[in-house]
Structure formats: structure tokens, C-alpha cells
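Asks: Below you'll find structure_31.tsv; it's TSV, N, CA and C atoms.
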chain	number	residue	atom	x	y	z
A	1	MET	N	222.53	67.88	101.58
A	1	MET	CA	221.38	67.52	102.36
A	1	MET	C	220.12	68.02	101.65
A	2	PRO	N	219.08	67.18	101.53
A	2	PRO	CA	217.87	67.63	100.83
A	2	PRO	C	217.14	68.70	101.62
A	3	LYS	N	216.54	69.59	100.89
A	3	LYS	CA	215.80	70.69	101.51
A	3	LYS	C	214.43	70.20	101.96
A	4	ARG	N	214.10	70.45	103.20
A	4	ARG	CA	212.82	70.03	103.74
A	4	ARG	C	211.78	71.10	103.47
A	5	PHE	N	210.53	70.69	103.53
A	5	PHE	CA	209.45	71.64	103.26
A	5	PHE	C	209.31	72.67	104.35
A	6	TYR	N	209.84	72.40	105.53
A	6	TYR	CA	209.70	73.36	106.62
A	6	TYR	C	210.92	74.26	106.78
A	7	ASP	N	211.92	74.13	105.91
A	7	ASP	CA	213.04	75.05	105.94
A	7	ASP	C	212.59	76.41	105.41
A	8	LEU	N	212.87	77.44	106.16
A	8	LEU	CA	212.44	78.78	105.78
A	8	LEU	C	213.59	79.56	105.16
A	9	GLN	N	213.25	80.42	104.23
A	9	GLN	CA	214.26	81.31	103.68
A	9	GLN	C	214.52	82.42	104.67
A	10	ARG	N	215.74	82.83	104.75
A	10	ARG	CA	216.09	83.91	105.66
A	10	ARG	C	215.99	85.24	104.91
A	11	LEU	N	215.41	86.22	105.56
A	11	LEU	CA	215.26	87.55	104.99
A	11	LEU	C	216.28	88.46	105.65
A	12	HIS	N	217.18	88.98	104.85
A	12	HIS	CA	218.22	89.86	105.38
A	12	HIS	C	217.84	91.31	105.12
A	13	VAL	N	217.87	92.10	106.16
A	13	VAL	CA	217.57	93.51	106.05
A	13	VAL	C	218.87	94.27	105.87
A	14	TYR	N	218.97	95.02	104.79
A	14	TYR	CA	220.18	95.77	104.48
A	14	TYR	C	219.98	97.21	104.94
A	15	ASP	N	220.65	97.60	105.97
A	15	ASP	CA	220.52	98.95	106.49
A	15	ASP	C	221.89	99.60	106.49
A	16	GLN	N	222.04	100.64	105.71
A	16	GLN	CA	223.33	101.32	105.61
A	16	GLN	C	223.47	102.41	106.66
A	17	GLY	N	222.41	102.66	107.41
A	17	GLY	CA	222.51	103.62	108.49
A	17	GLY	C	222.05	105.02	108.17
A	18	SER	N	221.80	105.33	106.92
A	18	SER	CA	221.36	106.69	106.60
A	18	SER	C	219.85	106.82	106.80
A	19	ARG	N	219.37	108.04	106.79
A	19	ARG	CA	217.96	108.29	107.06
A	19	ARG	C	217.06	107.74	105.97
A	20	ASN	N	217.48	107.81	104.73
A	20	ASN	CA	216.66	107.36	103.61
A	20	ASN	C	217.15	106.03	103.05
A	21	SER	N	217.64	105.15	103.88
A	21	SER	CA	218.16	103.88	103.39
A	21	SER	C	217.03	102.94	103.00
A	22	TYR	N	217.33	102.02	102.12
A	22	TYR	CA	216.37	101.03	101.65
A	22	TYR	C	216.68	99.72	102.36
A	23	SER	N	215.67	99.11	102.98
A	23	SER	CA	215.89	97.94	103.81
A	23	SER	C	216.02	96.65	103.02
A	24	GLY	N	215.56	96.61	101.79
A	24	GLY	CA	215.63	95.38	101.01
A	24	GLY	C	214.34	94.58	101.06
A	25	ILE	N	213.36	95.03	101.79
A	25	ILE	CA	212.09	94.33	101.90
A	25	ILE	C	211.08	94.94	100.94
A	26	GLN	N	210.51	94.10	100.10
A	26	GLN	CA	209.41	94.51	99.22
A	26	GLN	C	208.21	93.65	99.61
A	27	ALA	N	207.29	94.21	100.35
A	27	ALA	CA	206.19	93.45	100.94
A	27	ALA	C	204.88	93.74	100.22
A	28	THR	N	204.05	92.72	100.14
A	28	THR	CA	202.67	92.86	99.70
A	28	THR	C	201.80	92.64	100.91
A	29	LEU	N	201.02	93.64	101.27
A	29	LEU	CA	200.22	93.61	102.50
A	29	LEU	C	198.75	93.52	102.13
A	30	TYR	N	198.20	92.31	102.22
A	30	TYR	CA	196.77	92.10	101.98
A	30	TYR	C	196.02	92.51	103.23
A	31	GLY	N	194.93	93.24	103.07
A	31	GLY	CA	194.16	93.72	104.21
A	31	GLY	C	194.81	94.91	104.87
A	32	GLY	N	195.46	95.74	104.10
A	32	GLY	CA	196.18	96.89	104.65
A	32	GLY	C	195.30	98.00	105.14
A	33	THR	N	194.00	97.97	104.82
A	33	THR	CA	193.11	99.02	105.30
A	33	THR	C	192.56	98.72	106.68
A	34	SER	N	192.82	97.54	107.22
A	34	SER	CA	192.38	97.23	108.57
A	34	SER	C	193.29	97.94	109.57
A	35	PRO	N	192.87	98.09	110.82
A	35	PRO	CA	193.74	98.73	111.81
A	35	PRO	C	195.08	98.00	112.00
A	36	LEU	N	195.04	96.67	112.00
A	36	LEU	CA	196.28	95.90	112.11
A	36	LEU	C	197.16	96.09	110.88
A	37	GLY	N	196.55	96.09	109.69
A	37	GLY	CA	197.31	96.28	108.46
A	37	GLY	C	197.95	97.64	108.36
A	38	ALA	N	197.23	98.68	108.81
A	38	ALA	CA	197.81	100.02	108.79
A	38	ALA	C	198.99	100.13	109.75
A	39	THR	N	198.90	99.46	110.89
A	39	THR	CA	200.00	99.48	111.85
A	39	THR	C	201.22	98.74	111.31
A	40	ILE	N	201.00	97.57	110.74
A	40	ILE	CA	202.12	96.79	110.18
A	40	ILE	C	202.74	97.51	108.99
A	41	GLY	N	201.90	98.09	108.12
A	41	GLY	CA	202.42	98.85	106.98
A	41	GLY	C	203.23	100.05	107.43
A	42	GLY	N	202.78	100.73	108.48
A	42	GLY	CA	203.54	101.86	109.02
A	42	GLY	C	204.88	101.42	109.58
A	43	MET	N	204.90	100.28	110.26
A	43	MET	CA	206.17	99.78	110.81
A	43	MET	C	207.14	99.37	109.70
A	44	LEU	N	206.61	98.75	108.66
A	44	LEU	CA	207.48	98.34	107.55
A	44	LEU	C	208.06	99.54	106.80
A	45	THR	N	207.22	100.53	106.54
A	45	THR	CA	207.71	101.67	105.77
A	45	THR	C	208.57	102.61	106.61
A	46	ARG	N	208.48	102.51	107.93
A	46	ARG	CA	209.26	103.38	108.78
A	46	ARG	C	210.75	103.12	108.65
A	47	PHE	N	211.14	101.87	108.36
A	47	PHE	CA	212.56	101.63	108.17
A	47	PHE	C	212.93	101.35	106.73
A	48	GLY	N	212.17	101.92	105.79
A	48	GLY	CA	212.59	101.98	104.40
A	48	GLY	C	212.17	100.82	103.53
A	49	SER	N	211.04	100.19	103.79
A	49	SER	CA	210.57	99.08	102.96
A	49	SER	C	209.61	99.59	101.91
A	50	GLN	N	209.46	98.80	100.86
A	50	GLN	CA	208.47	99.09	99.84
A	50	GLN	C	207.26	98.21	100.11
A	51	VAL	N	206.07	98.81	100.22
A	51	VAL	CA	204.87	98.06	100.56
A	51	VAL	C	203.82	98.29	99.47
A	52	ILE	N	203.22	97.19	99.02
A	52	ILE	CA	202.14	97.23	98.05
A	52	ILE	C	200.85	96.89	98.80
A	53	TYR	N	199.85	97.76	98.66
A	53	TYR	CA	198.55	97.55	99.30
A	53	TYR	C	197.53	97.14	98.23
A	54	PRO	N	197.28	95.85	98.03
A	54	PRO	CA	196.19	95.48	97.13
A	54	PRO	C	194.85	95.68	97.84
A	55	TYR	N	193.89	96.23	97.13
A	55	TYR	CA	192.57	96.46	97.72
A	55	TYR	C	191.50	96.02	96.76
A	56	ARG	N	190.34	95.68	97.31
A	56	ARG	CA	189.26	95.16	96.48
A	56	ARG	C	188.01	96.02	96.55
A	57	GLY	N	188.08	97.15	97.21
A	57	GLY	CA	186.91	98.02	97.34
A	57	GLY	C	186.53	98.63	96.01
A	58	MET	N	185.32	99.13	95.96
A	58	MET	CA	184.83	99.74	94.74
A	58	MET	C	185.26	101.19	94.61
A	59	ALA	N	185.84	101.74	95.65
A	59	ALA	CA	186.19	103.16	95.65
A	59	ALA	C	187.56	103.38	95.01
A	60	SER	N	187.87	104.65	94.82
A	60	SER	CA	189.17	105.02	94.26
A	60	SER	C	190.19	105.10	95.39
A	61	ILE	N	191.40	105.58	95.07
A	61	ILE	CA	192.42	105.67	96.10
A	61	ILE	C	192.15	106.81	97.07
A	62	TRP	N	191.10	107.60	96.83
A	62	TRP	CA	190.74	108.68	97.75
A	62	TRP	C	189.69	108.24	98.76
A	63	ASP	N	189.46	106.95	98.86
A	63	ASP	CA	188.54	106.42	99.84
A	63	ASP	C	189.11	106.66	101.25
A	64	ASN	N	188.22	106.82	102.23
A	64	ASN	CA	188.67	107.13	103.59
A	64	ASN	C	189.53	106.03	104.19
A	65	ARG	N	189.24	104.77	103.85
A	65	ARG	CA	190.06	103.69	104.40
A	65	ARG	C	191.48	103.75	103.86
A	66	LEU	N	191.63	104.12	102.60
A	66	LEU	CA	192.97	104.23	102.02
A	66	LEU	C	193.66	105.51	102.43
A	67	LYS	N	192.88	106.55	102.72
A	67	LYS	CA	193.47	107.81	103.17
A	67	LYS	C	194.18	107.62	104.51
A	68	GLU	N	193.66	106.74	105.35
A	68	GLU	CA	194.26	106.50	106.65
A	68	GLU	C	195.63	105.85	106.55
A	69	THR	N	195.89	105.11	105.48
A	69	THR	CA	197.19	104.45	105.33
A	69	THR	C	198.24	105.36	104.71
A	70	LYS	N	197.82	106.47	104.09
A	70	LYS	CA	198.78	107.33	103.41
A	70	LYS	C	199.81	107.96	104.34
A	71	PRO	N	199.43	108.54	105.48
A	71	PRO	CA	200.46	109.12	106.35
A	71	PRO	C	201.27	108.08	107.12
A	72	SER	N	200.90	106.79	107.02
A	72	SER	CA	201.63	105.77	107.77
A	72	SER	C	203.00	105.48	107.16
A	73	ALA	N	203.20	105.81	105.90
A	73	ALA	CA	204.49	105.55	105.27
A	73	ALA	C	205.41	106.74	105.54
A	74	ASP	N	206.33	106.55	106.43
A	74	ASP	CA	207.20	107.64	106.85
A	74	ASP	C	208.26	107.91	105.79
A	75	LEU	N	209.17	106.99	105.61
A	75	LEU	CA	210.24	107.16	104.62
A	75	LEU	C	210.18	106.12	103.52
A	76	GLY	N	209.33	105.15	103.67
A	76	GLY	CA	209.29	104.08	102.68
A	76	GLY	C	208.43	104.42	101.49
A	77	TYR	N	208.32	103.45	100.63
A	77	TYR	CA	207.53	103.61	99.42
A	77	TYR	C	206.26	102.79	99.60
A	78	LYS	N	205.15	103.30	99.13
A	78	LYS	CA	203.93	102.51	99.15
A	78	LYS	C	203.19	102.73	97.85
A	79	SER	N	202.49	101.71	97.43
A	79	SER	CA	201.68	101.81	96.22
A	79	SER	C	200.41	101.02	96.42
A	80	TYR	N	199.37	101.41	95.71
A	80	TYR	CA	198.07	100.77	95.82
A	80	TYR	C	197.78	100.02	94.52
A	81	LEU	N	197.20	98.84	94.66
A	81	LEU	CA	196.92	97.99	93.50
A	81	LEU	C	195.48	97.52	93.58
A	82	LYS	N	194.68	97.87	92.58
A	82	LYS	CA	193.26	97.50	92.57
A	82	LYS	C	193.12	96.10	91.99
A	83	LEU	N	192.55	95.19	92.78
A	83	LEU	CA	192.26	93.84	92.32
A	83	LEU	C	190.74	93.66	92.30
A	84	THR	N	190.25	92.92	91.32
A	84	THR	CA	188.80	92.71	91.24
A	84	THR	C	188.35	91.50	92.04
A	85	ASP	N	189.19	90.47	92.11
A	85	ASP	CA	188.79	89.24	92.79
A	85	ASP	C	189.98	88.69	93.56
A	86	PHE	N	189.90	88.68	94.88
A	86	PHE	CA	191.00	88.16	95.69
A	86	PHE	C	191.03	86.64	95.69
A	87	ILE	N	189.96	85.99	95.25
A	87	ILE	CA	189.93	84.53	95.25
A	87	ILE	C	190.73	83.98	94.08
A	88	SER	N	190.97	84.77	93.07
A	88	SER	CA	191.73	84.35	91.90
A	88	SER	C	193.23	84.29	92.23
A	89	GLU	N	193.83	83.13	91.97
A	89	GLU	CA	195.27	82.98	92.23
A	89	GLU	C	196.10	83.83	91.27
A	90	ASN	N	195.62	84.04	90.05
A	90	ASN	CA	196.37	84.83	89.08
A	90	ASN	C	196.52	86.27	89.53
A	91	GLU	N	195.44	86.84	90.09
A	91	GLU	CA	195.53	88.22	90.57
A	91	GLU	C	196.40	88.33	91.81
A	92	CYS	N	196.32	87.34	92.69
A	92	CYS	CA	197.19	87.34	93.87
A	92	CYS	C	198.65	87.20	93.45
A	93	ALA	N	198.92	86.38	92.44
A	93	ALA	CA	200.28	86.22	91.95
A	93	ALA	C	200.78	87.50	91.28
A	94	TYR	N	199.88	88.22	90.61
A	94	TYR	CA	200.26	89.50	90.00
A	94	TYR	C	200.67	90.51	91.06
A	95	ALA	N	199.97	90.52	92.18
A	95	ALA	CA	200.32	91.44	93.27
A	95	ALA	C	201.64	91.05	93.93
A	96	LEU	N	202.01	89.78	93.84
A	96	LEU	CA	203.23	89.28	94.49
A	96	LEU	C	204.45	89.24	93.58
A	97	LYS	N	204.32	89.68	92.34
A	97	LYS	CA	205.39	89.44	91.37
A	97	LYS	C	206.72	90.12	91.72
A	98	ASP	N	206.71	91.26	92.39
A	98	ASP	CA	207.95	91.94	92.74
A	98	ASP	C	208.28	91.85	94.23
A	99	SER	N	207.51	91.12	94.99
A	99	SER	CA	207.66	91.11	96.45
A	99	SER	C	208.48	89.92	96.92
A	100	ASN	N	209.13	90.10	98.07
A	100	ASN	CA	209.79	88.99	98.72
A	100	ASN	C	209.18	88.68	100.08
A	101	VAL	N	208.14	89.42	100.46
A	101	VAL	CA	207.40	89.17	101.70
A	101	VAL	C	205.92	89.32	101.41
A	102	ALA	N	205.10	88.40	101.93
A	102	ALA	CA	203.65	88.48	101.80
A	102	ALA	C	203.04	88.43	103.19
A	103	ILE	N	202.16	89.40	103.47
A	103	ILE	CA	201.50	89.47	104.77
A	103	ILE	C	200.00	89.54	104.53
A	104	SER	N	199.24	88.72	105.26
A	104	SER	CA	197.79	88.70	105.11
A	104	SER	C	197.13	89.14	106.40
A	105	CYS	N	196.39	90.24	106.35
A	105	CYS	CA	195.60	90.74	107.48
A	105	CYS	C	194.14	90.81	107.09
A	106	ILE	N	193.71	89.89	106.23
A	106	ILE	CA	192.35	89.93	105.71
A	106	ILE	C	191.40	89.30	106.71
A	107	GLY	N	190.28	89.96	106.92
A	107	GLY	CA	189.23	89.45	107.78
A	107	GLY	C	188.01	90.33	107.63
A	108	ASN	N	186.94	89.95	108.26
A	108	ASN	CA	185.71	90.75	108.20
A	108	ASN	C	185.81	91.93	109.13
A	109	HIS	N	185.40	93.10	108.64
A	109	HIS	CA	185.35	94.29	109.49
A	109	HIS	C	184.13	94.26	110.40
A	110	VAL	N	183.06	93.69	109.94
A	110	VAL	CA	181.82	93.66	110.69
A	110	VAL	C	181.29	92.23	110.76
A	111	PHE	N	180.39	91.99	111.66
A	111	PHE	CA	179.75	90.69	111.78
A	111	PHE	C	178.91	90.43	110.54
A	112	THR	N	179.07	89.25	109.96
A	112	THR	CA	178.32	88.93	108.75
A	112	THR	C	177.26	87.89	109.06
A	113	LYS	N	176.13	88.01	108.38
A	113	LYS	CA	175.05	87.05	108.55
A	113	LYS	C	175.11	85.94	107.51
A	114	LYS	N	175.87	86.15	106.46
A	114	LYS	CA	175.95	85.17	105.39
A	114	LYS	C	177.19	84.30	105.57
A	115	ASP	N	177.03	83.02	105.39
A	115	ASP	CA	178.16	82.10	105.50
A	115	ASP	C	179.16	82.31	104.37
A	116	LYS	N	178.67	82.72	103.20
A	116	LYS	CA	179.56	82.92	102.05
A	116	LYS	C	180.57	84.03	102.31
A	117	ASP	N	180.15	85.14	102.91
A	117	ASP	CA	181.08	86.23	103.21
A	117	ASP	C	182.12	85.80	104.22
A	118	PHE	N	181.71	85.04	105.21
A	118	PHE	CA	182.64	84.54	106.22
A	118	PHE	C	183.65	83.59	105.60
A	119	GLU	N	183.17	82.67	104.76
A	119	GLU	CA	184.07	81.70	104.11
A	119	GLU	C	185.02	82.39	103.14
A	120	ASP	N	184.54	83.41	102.43
A	120	ASP	CA	185.41	84.13	101.50
A	120	ASP	C	186.58	84.78	102.23
A	121	SER	N	186.27	85.52	103.29
A	121	SER	CA	187.33	86.28	103.94
A	121	SER	C	188.23	85.44	104.83
A	122	ASN	N	187.75	84.33	105.35
A	122	ASN	CA	188.56	83.55	106.28
A	122	ASN	C	189.07	82.24	105.73
A	123	ILE	N	188.55	81.79	104.59
A	123	ILE	CA	188.99	80.49	104.05
A	123	ILE	C	189.52	80.64	102.62
A	124	ARG	N	188.66	81.12	101.71
A	124	ARG	CA	189.02	81.12	100.28
A	124	ARG	C	190.12	82.11	99.92
A	125	VAL	N	190.04	83.32	100.45
A	125	VAL	CA	191.06	84.33	100.13
A	125	VAL	C	192.42	83.95	100.71
A	126	PRO	N	192.52	83.53	101.98
A	126	PRO	CA	193.84	83.10	102.47
A	126	PRO	C	194.41	81.89	101.73
A	127	MET	N	193.52	80.98	101.29
A	127	MET	CA	194.01	79.84	100.50
A	127	MET	C	194.57	80.29	99.16
A	128	ALA	N	193.90	81.24	98.51
A	128	ALA	CA	194.39	81.74	97.22
A	128	ALA	C	195.72	82.47	97.40
A	129	ILE	N	195.85	83.23	98.47
A	129	ILE	CA	197.12	83.93	98.74
A	129	ILE	C	198.22	82.92	99.01
A	130	ALA	N	197.93	81.90	99.81
A	130	ALA	CA	198.95	80.89	100.14
A	130	ALA	C	199.38	80.11	98.90
A	131	LYS	N	198.45	79.77	98.02
A	131	LYS	CA	198.81	79.06	96.79
A	131	LYS	C	199.63	79.95	95.86
A	132	ALA	N	199.29	81.24	95.79
A	132	ALA	CA	200.06	82.16	94.94
A	132	ALA	C	201.48	82.33	95.48
A	133	VAL	N	201.61	82.39	96.80
A	133	VAL	CA	202.94	82.51	97.41
A	133	VAL	C	203.75	81.25	97.16
A	134	LYS	N	203.11	80.10	97.29
A	134	LYS	CA	203.81	78.82	97.06
A	134	LYS	C	204.28	78.72	95.61
A	135	ASN	N	203.44	79.13	94.67
A	135	ASN	CA	203.80	79.03	93.26
A	135	ASN	C	204.79	80.09	92.82
A	136	SER	N	204.86	81.21	93.54
A	136	SER	CA	205.81	82.26	93.13
A	136	SER	C	207.25	81.85	93.43
A	137	GLY	N	207.48	81.17	94.54
A	137	GLY	CA	208.82	80.71	94.88
A	137	GLY	C	209.74	81.77	95.44
A	138	LYS	N	209.28	83.01	95.56
A	138	LYS	CA	210.12	84.08	96.08
A	138	LYS	C	209.92	84.31	97.57
A	139	CYS	N	208.67	84.25	98.00
A	139	CYS	CA	208.35	84.58	99.39
A	139	CYS	C	208.65	83.40	100.31
Represent the structure of the file as C-alpha cells.
Replies:
Amino acid sequence: MPKRFYDLQRLHVYDQGSRNSYSGIQATLYGGTSPLGATIGGMLTRFGSQVIYPYRGMASIWDNRLKETKPSADLGYKSYLKLTDFISENECAYALKDSNVAISCIGNHVFTKKDKDFEDSNIRVPMAIAKAVKNSGKC
């Protein structure tokens, strides 16, 4: 039977029952510094997932927004990846190269007066992430 475009891949979580077990999920969490992203990242790492937090801020990993996500990883692994441009599909694909799950929590933290900022965070960046996921074939 031919595969339809709406058939989804099933993600199987491998849990051996031990405290430090690895779940089999390697997720890339875009927008992980938002309150929703920190909550989702904490839930993923609580049962042994590996989570990559790509960020676009000008600060280092000691920025206050990134400091808030550090204690959220209970037993899982987390890593931070600095990207210069989220609109570039190549950089989004680089962040997704080892992942089998992609989650996007990108949005504006504050009200913006410029249409360009609104379009970047709500239209262009999610489109670049979706195209990178489609071209990767893993997620």
C-alpha cells in the first residue's frame, strides 16, 4: 500500500525501568527559553530524553533565560546550540541532524510594533523549521 503524506511515524519510548534509563527520544526544542519551552524541556528530560536547545540571543550560556532551563533537566541530557539566523534552513537542519523529535515554541515575548518582528517569529521561522524537518526525513 502506498504511503500517504498524512501517515505519521510512530515514536517508541524505550524504558528499561531504571532510574537513569534512556528513553530513546532526542529532541530539538526551538524556543526553549520561553515558559512553555522550559516546561516541555523539563518534562522531556525528566524521563531520560536528550534535548537540544538552539538559541539566537546575543548572550552566552550564562544568560538568565538559559540559566532558568538548567535545573529543569532532572536526569536527562541537555545541550545548548548557538544559531545566528533561525530563518536559514541550513542552520535549522544542523540543529536537527541528530534528533528524532522537533518541537517549536517560538513566539514573541513582548508586544512588537514592527510587522517584520511579528512575521519573523510567527511565519518565517516556523516555515524554516518545518522545511528543515521535512528535508531531514527523520522527524
Asks: Using Å and a single decimal, report how far atom N of Gly107 (chain A) sits from CA of Arg46 (chain A).
Replies: 23.3 Å
Asks: Within 9 Å of Ile129 (chain A), counting only C-alpha atoms, which residues show up once you throw out same-chain ones fewer than 5 positions away? Write them as a PyMOL selection string, please.
Replies: chain A and resi 30+86-89+92-93+102+104+124+134
Asks: Calculated over all atoms listed in the file, which of the candidates A:Gly37, A:Ser79, A:Thr69, A:Gly42 has the smallest distance to Pro54 (chain A)?
Replies: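 Nearest to Pro54 (chain A): A:Ser79.
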Asks: So how many Å separate atom N of Tyr22 (chain A) and atom C of Gly137 (chain A), to one decimal?
Replies: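 The value is 22.6 Å.
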Asks: Using Å and a single decimal, report how far atom N of Ala95 (chain A) sits from atom N of Ser23 (chain A).
Replies: 20.9 Å
